[in-house]
Amino acid sequence: MGNDHCGRRQFLQRSAVSVAGMSLAANSTSGVASGAPSGNAASPDGQPQHTDAPDVTDKVDVLVVGGGTAGTIAAIQAARAGAQTLIVERNSQLGGTTTTAGVAFPGLFDAWGKQIIAGIGWELVSESVELDRGKLPDFSKVPRRHWQNQVRVNQFLYAILAEDKCAEAGVRIAYYEFPRKLTRTAEGWQVDCVGFGTQRRVLCKQIVDCTGGASVVAMLGLPRLREEQTQPGSIRFMLGSANSPGRGALQSLYVHGADSSTSRSVTAANLEGRRSVLAKVRHRKRRLMHLQPETGFRESYRILGETLITVGDYTSGRKFDDAVCNAFYPVDLHTKRGVKPKPLAEGVVPTIPLRALIPKNSRNIIVAGRCLSSDRLANSGLRVQASCMAMGQAAAVAAALAARRGTTPLKVPLDEIHGLLREHGAIVPKST
Ligand SMILES: Cc1cc2nc3c(=O)[nH]c(=O)nc-3n(C[C@H](O)[C@H](O)[C@H](O)COP(=O)(O)OP(=O)(O)OC[C@H]3O[C@@H](n4cnc5c(N)ncnc54)[C@H](O)[C@@H]3O)c2cc1C
């Protein structure tokens, strides 16, 4: 398959929202029943009335949308690079799939006996293991099974440590909020966000979309890729009598059709996931010791980027000219029948090019995480956490430098990106 070719099972999906308005459907705001913030004036009968006026305005260099696996790292990196940074997260904590869905075993930071991903993701993971008195894998040993070198982290501690590192770097955090409307400005973007009881206007130069399914890219009407049938999500829980919170190995149940794209689809996945956990409890007659608050979503949308990584690129370990980080994991596609990981050939270490993080024909926006531009099979390996963290760091460096230079990420000289990444401890693939 050529580099810009989309696989047979993929189809291009234009966003359902209008390109002109660049806004979500008008179901995202409503009046506030009590304690109305300053932007929402009271009507003559004393009831608060909704207006479009924001309660808060933030002027920043970089806005990171989605504080999950990739977004957390992106925000810390952007701020450490000197960019004024705000992160907007629809949920109540940082970490996304790593914490809220309880997939607390990030991989893979190593390949073939050496570390291939480091930087801020590794800093956070290794410090949280140390603080939890856990044990790090020995990367000089090649394990028999790939998952043996995934790093077990305490999801609760990881989320708090992530907040601590954000505070230290100067990242501002806005939980329970999400973008509602985007408008281009001379300097970049005006992003109107909504939360419960509050509206925020963000004026920023660059956006890093780390929402998992590229929601902001969709709001701009830029094309995304999606399969007709996607991989199942999983809900994670623990049955039994002994549980060691933050340590115990959780069990998983597939949630077929799980889709992270909208509040409605996330609600449906959570209801379905919890129903099957309840059925399990009834059937097994064992106590429910732990349940994650949200389903983990493996797949939804991916962007169509300036470059599309094919499974051939991935399995051959193609060294892209504009590679910004490594990745490593078997091809790992989950179906109704389960998963049969296909390990990479010995010595192969795939790379991720900057152009796979940049939506085609876009300006002032870059993505990181599982939504990177890739075909389905390549994505099944690229979506893992260490790779998402490495992408987050690289995307943030490109965004911070673009903000500094008054340009777009694609136009930032690659050697500057590489230089700043190395300065912040990341491993940059060697060009061949
Ligand atoms: C069940 C399961 C098992 C897995 N197993 C492994 C494994 O063994 N090893 C491994 O390394 N990886 C594994 N993965 C893959 C990996 O965990 C994910 O692909 C990866 O964490 C995705 O990172 P992300 O940053 O792209 O998305 P997420 O971590 O999901 O982050 C997205 C964030 O964006 C927020 N968000 C979404 N939309 C909006 C919006 N509009 N506004 C504001 N915020 C928004 C979400 O709340 C979330 O916090 C697994 C995944 C699942 C689901």
# chains A, B, ... in the order shown; residues from 1 in each chain; ligands from 1

$ residues_near_ligand --ligand "ligand 1" --cutoff "7 Å" --atoms "only C-alpha atoms and all ligand atoms" --output "PyMOL selection string"
chain A and resi 65-71+88-91+94-98+103+105-108+147+150+177-179+210-212+215-216+233-235+296-298+368-371+383-386+388

$ residues_around --residues "Asp313 of chain A" --least-positions-apart "6" --cutoff "12 Å" --atoms "only C-alpha atoms" --output "short mmCIF file (atom, residue, chain, number, x, y, z; two decimals) with C-alpha atoms, in the first residue's frame"
data_model
loop_
_atom_site.label_atom_id
_atom_site.label_comp_id
_atom_site.auth_asym_id
_atom_site.auth_seq_id
_atom_site.Cartn_x
_atom_site.Cartn_y
_atom_site.Cartn_z
CA MET A 1 0.00 0.00 0.00
CA GLY A 2 1.25 3.47 -0.85
CA ASN A 3 1.75 5.95 1.88
CA ASP A 4 -1.36 8.00 1.29
CA THR A 307 1.44 10.93 5.96
CA LYS A 319 12.64 4.89 9.28
CA PHE A 320 10.63 7.92 8.22
CA ALA A 327 7.04 2.74 18.78
CA LEU A 344 7.32 -7.85 15.08
CA VAL A 348 12.34 -4.25 14.01
CA VAL A 349 11.57 -0.94 15.74
CA PRO A 350 8.87 1.13 13.95
CA THR A 351 9.03 4.93 13.91
CA ILE A 352 6.37 7.65 13.94
CA PRO A 353 6.74 10.56 11.51
CA SER A 374 -2.39 5.10 10.25
CA ASP A 375 -4.17 2.18 8.66
CA LEU A 377 -3.50 -2.83 11.45
CA ALA A 378 -0.65 -0.35 11.94
CA ASN A 379 -2.86 1.48 14.44
CA GLY A 381 0.22 -1.64 17.35
CA LEU A 382 0.80 2.12 17.41
#

$ residues_around --residues "Asn154 of chain A" --least-positions-apart "5" --cutoff "9 Å" --atoms "only C-alpha atoms" --output "MDAnalysis selection string"
chainID A and resid 99 104:105 128:129 132 134 159 245:247

$ select_by_dssp --residues "segment 114-363 of chain A" --states "helix (DSSP H, G or I)" --output "MDAnalysis selection string"
chainID A and resid 119:131 146:149 155:169 215:219 263:284 311:316 354:357

$ closest_residue --among "A:Phe109, A:Phe196, A:Phe237, A:Phe156" --to "Ser126 of chain A" --atoms "only C-alpha atoms"
A:Phe109

$ atom_distance --atom1 "atom CA of Val397 of chain A" --atom2 "atom CA of Lys114 of chain A"
24.3 Å

$ atom_distance --atom1 "atom CA of Thr57 of chain A" --atom2 "atom CA of Ala403 of chain A"
18.7 Å

$ closest_residue --among "A:Asp138, A:Asp55, A:Asp61, A:Asp259" --to "Asp192 of chain A" --atoms "only C-alpha atoms"
A:Asp55

$ residues_around --residues "Ala258 of chain A" --least-positions-apart "2" --cutoff "10 Å" --atoms "only C-alpha atoms" --output "list in words"
Thr230, Gln231, Pro232, Gly233, Ser234, Ile235, Tyr254, Val255, His256, Ser260, Ser261, Ser265, Val266, Thr267, Ala268, Ala269, Asn270, Glu272, Gly273, Thr295, Gly296, Phe297, Arg298, Glu299 and Ser300 of chain A

$ write_last_selection --atoms "C-alpha atoms" --output "CSV table (one decimal), in the first residue's frame"
chain,number,residue,atom,x,y,z
A,230,THR,CA,-14.3,-1.3,15.4
A,231,GLN,CA,-12.5,-3.2,18.1
A,232,PRO,CA,-14.4,-3.8,21.3
A,233,GLY,CA,-13.7,-1.7,24.3
A,234,SER,CA,-13.2,-3.3,27.8
A,235,ILE,CA,-14.5,-2.6,31.2
A,254,TYR,CA,-15.3,-6.9,26.2
A,255,VAL,CA,-17.8,-4.2,25.5
A,256,HIS,CA,-18.6,-4.7,21.8
A,260,SER,CA,-15.7,7.0,22.7
A,261,SER,CA,-17.0,9.7,20.2
A,265,SER,CA,-21.9,6.6,22.9
A,266,VAL,CA,-19.8,6.7,26.0
A,267,THR,CA,-22.9,6.4,28.2
A,268,ALA,CA,-24.1,3.4,26.2
A,269,ALA,CA,-20.7,1.7,26.5
A,270,ASN,CA,-20.6,2.2,30.3
A,272,GLU,CA,-23.5,-2.1,28.7
A,273,GLY,CA,-20.1,-2.7,30.5
A,295,THR,CA,-15.0,1.7,29.8
A,296,GLY,CA,-11.6,1.6,28.0
A,297,PHE,CA,-12.0,2.4,24.3
A,298,ARG,CA,-9.6,0.8,21.9
A,299,GLU,CA,-10.7,2.3,18.6
A,300,SER,CA,-12.8,5.1,17.1

$ closest_residue --among "A:Leu357, A:Val324, A:Cys204, A:Ala79" --to "Leu304 of chain A" --atoms "only C-alpha atoms"
A:Leu357

$ select_by_dssp --residues "segment 177-338 of chain A" --states "strand (DSSP E)" --output "VMD selection string"
chain A and resid 178 to 184 189 to 195 198 to 209 224 to 227 233 to 239 251 to 255 288 to 291 302 to 303 323 to 326 334 to 335 338

$ closest_residue --among "A:Gly213, A:Gly425, A:Pro223, A:Gly317" --to "Thr262 of chain A" --atoms "only C-alpha atoms"
A:Gly213

$ residues_around --residues "Glu168 of chain A" --least-positions-apart "5" --cutoff "10 Å" --atoms "only C-alpha atoms" --output "list in words"
Ile76, Ala79, Arg80, Ala162 and Glu163 of chain A

$ residues_around --residues "Ser362 of chain A" --least-positions-apart "3" --cutoff "12 Å" --atoms "only C-alpha atoms" --output "ChimeraX atom specification"
/A:184,188,206-207,216-218,220-223,303-306,355,357-359,365-367,408-411

$ write_last_selection --atoms "N, CA and C atoms" --output "CSV table (one decimal), in the first residue's frame"
chain,number,residue,atom,x,y,z
A,184,ARG,N,-11.3,30.6,13.8
A,184,ARG,CA,-9.9,31.0,13.5
A,184,ARG,C,-9.7,32.5,13.9
A,188,GLY,N,-4.2,32.4,15.7
A,188,GLY,CA,-4.4,31.0,15.9
A,188,GLY,C,-5.9,30.6,16.0
A,206,GLN,N,-1.8,27.5,19.2
A,206,GLN,CA,-1.8,26.1,18.7
A,206,GLN,C,-2.7,25.2,19.5
A,207,ILE,N,-3.2,24.2,18.8
A,207,ILE,CA,-4.0,23.2,19.5
A,207,ILE,C,-3.3,21.8,19.4
A,216,VAL,N,-11.4,17.4,18.0
A,216,VAL,CA,-11.2,18.8,17.6
A,216,VAL,C,-11.0,18.8,16.1
A,217,VAL,N,-10.3,17.9,15.6
A,217,VAL,CA,-10.1,17.8,14.1
A,217,VAL,C,-11.4,17.7,13.5
A,218,ALA,N,-12.3,16.9,14.1
A,218,ALA,CA,-13.7,16.7,13.5
A,218,ALA,C,-14.4,18.0,13.5
A,220,LEU,N,-13.3,20.8,13.0
A,220,LEU,CA,-12.8,21.7,11.9
A,220,LEU,C,-13.3,21.2,10.6
A,221,GLY,N,-14.0,20.1,10.6
A,221,GLY,CA,-14.4,19.5,9.3
A,221,GLY,C,-13.3,18.8,8.5
A,222,LEU,N,-12.2,18.5,9.2
A,222,LEU,CA,-11.1,17.8,8.5
A,222,LEU,C,-11.4,16.3,8.5
A,223,PRO,N,-11.0,15.6,7.4
A,223,PRO,CA,-11.4,14.2,7.3
A,223,PRO,C,-10.8,13.3,8.4
A,303,ILE,N,-7.0,10.3,12.4
A,303,ILE,CA,-7.0,11.4,11.4
A,303,ILE,C,-6.5,10.9,10.0
A,304,LEU,N,-6.7,11.6,9.0
A,304,LEU,CA,-6.0,11.4,7.7
A,304,LEU,C,-4.9,12.5,7.7
A,305,GLY,N,-3.7,12.1,7.9
A,305,GLY,CA,-2.6,13.1,8.1
A,305,GLY,C,-1.9,13.4,6.8
A,306,GLU,N,-0.9,14.2,7.0
A,306,GLU,CA,0.0,14.5,5.8
A,306,GLU,C,0.7,13.2,5.4
A,355,ARG,N,4.6,14.0,10.3
A,355,ARG,CA,3.5,14.2,9.4
A,355,ARG,C,2.3,13.3,9.7
A,357,LEU,N,1.1,13.0,12.5
A,357,LEU,CA,0.4,13.7,13.6
A,357,LEU,C,-0.3,15.0,13.1
A,358,ILE,N,-0.1,15.3,11.9
A,358,ILE,CA,-0.6,16.6,11.4
A,358,ILE,C,-1.7,16.3,10.4
A,359,PRO,N,-3.0,16.8,10.7
A,359,PRO,CA,-4.1,16.6,9.8
A,359,PRO,C,-3.8,17.2,8.5
A,365,ILE,N,-2.7,23.0,14.2
A,365,ILE,CA,-3.3,21.9,15.0
A,365,ILE,C,-2.5,20.7,14.7
A,366,ILE,N,-2.3,19.9,15.8
A,366,ILE,CA,-1.5,18.7,15.7
A,366,ILE,C,-2.2,17.7,16.6
A,367,VAL,N,-2.0,16.4,16.4
A,367,VAL,CA,-2.7,15.4,17.3
A,367,VAL,C,-1.6,14.5,17.9
A,408,THR,N,3.2,27.2,11.7
A,408,THR,CA,2.4,26.0,11.9
A,408,THR,C,3.4,24.8,12.1
A,409,PRO,N,3.0,23.8,12.9
A,409,PRO,CA,3.9,22.7,13.2
A,409,PRO,C,4.7,22.1,12.0
A,410,LEU,N,4.0,22.0,10.9
A,410,LEU,CA,4.6,21.4,9.7
A,410,LEU,C,5.8,22.2,9.2
A,411,LYS,N,5.8,23.5,9.6
A,411,LYS,CA,6.9,24.4,9.1
A,411,LYS,C,8.0,24.6,10.1

$ closest_residue --among "A:Asp164, A:Thr198, A:Ala78, A:Tyr301" --to "Glu127 of chain A" --atoms "only C-alpha atoms"
A:Asp164

$ atom_distance --atom1 "atom CA of Arg264 of chain A" --atom2 "atom CA of Val208 of chain A"
24.1 Å

$ residues_around --residues "Lys285 of chain A" --least-positions-apart "6" --cutoff "10 Å" --atoms "only C-alpha atoms" --output "PyMOL selection string"
chain A and resi 239-240+279
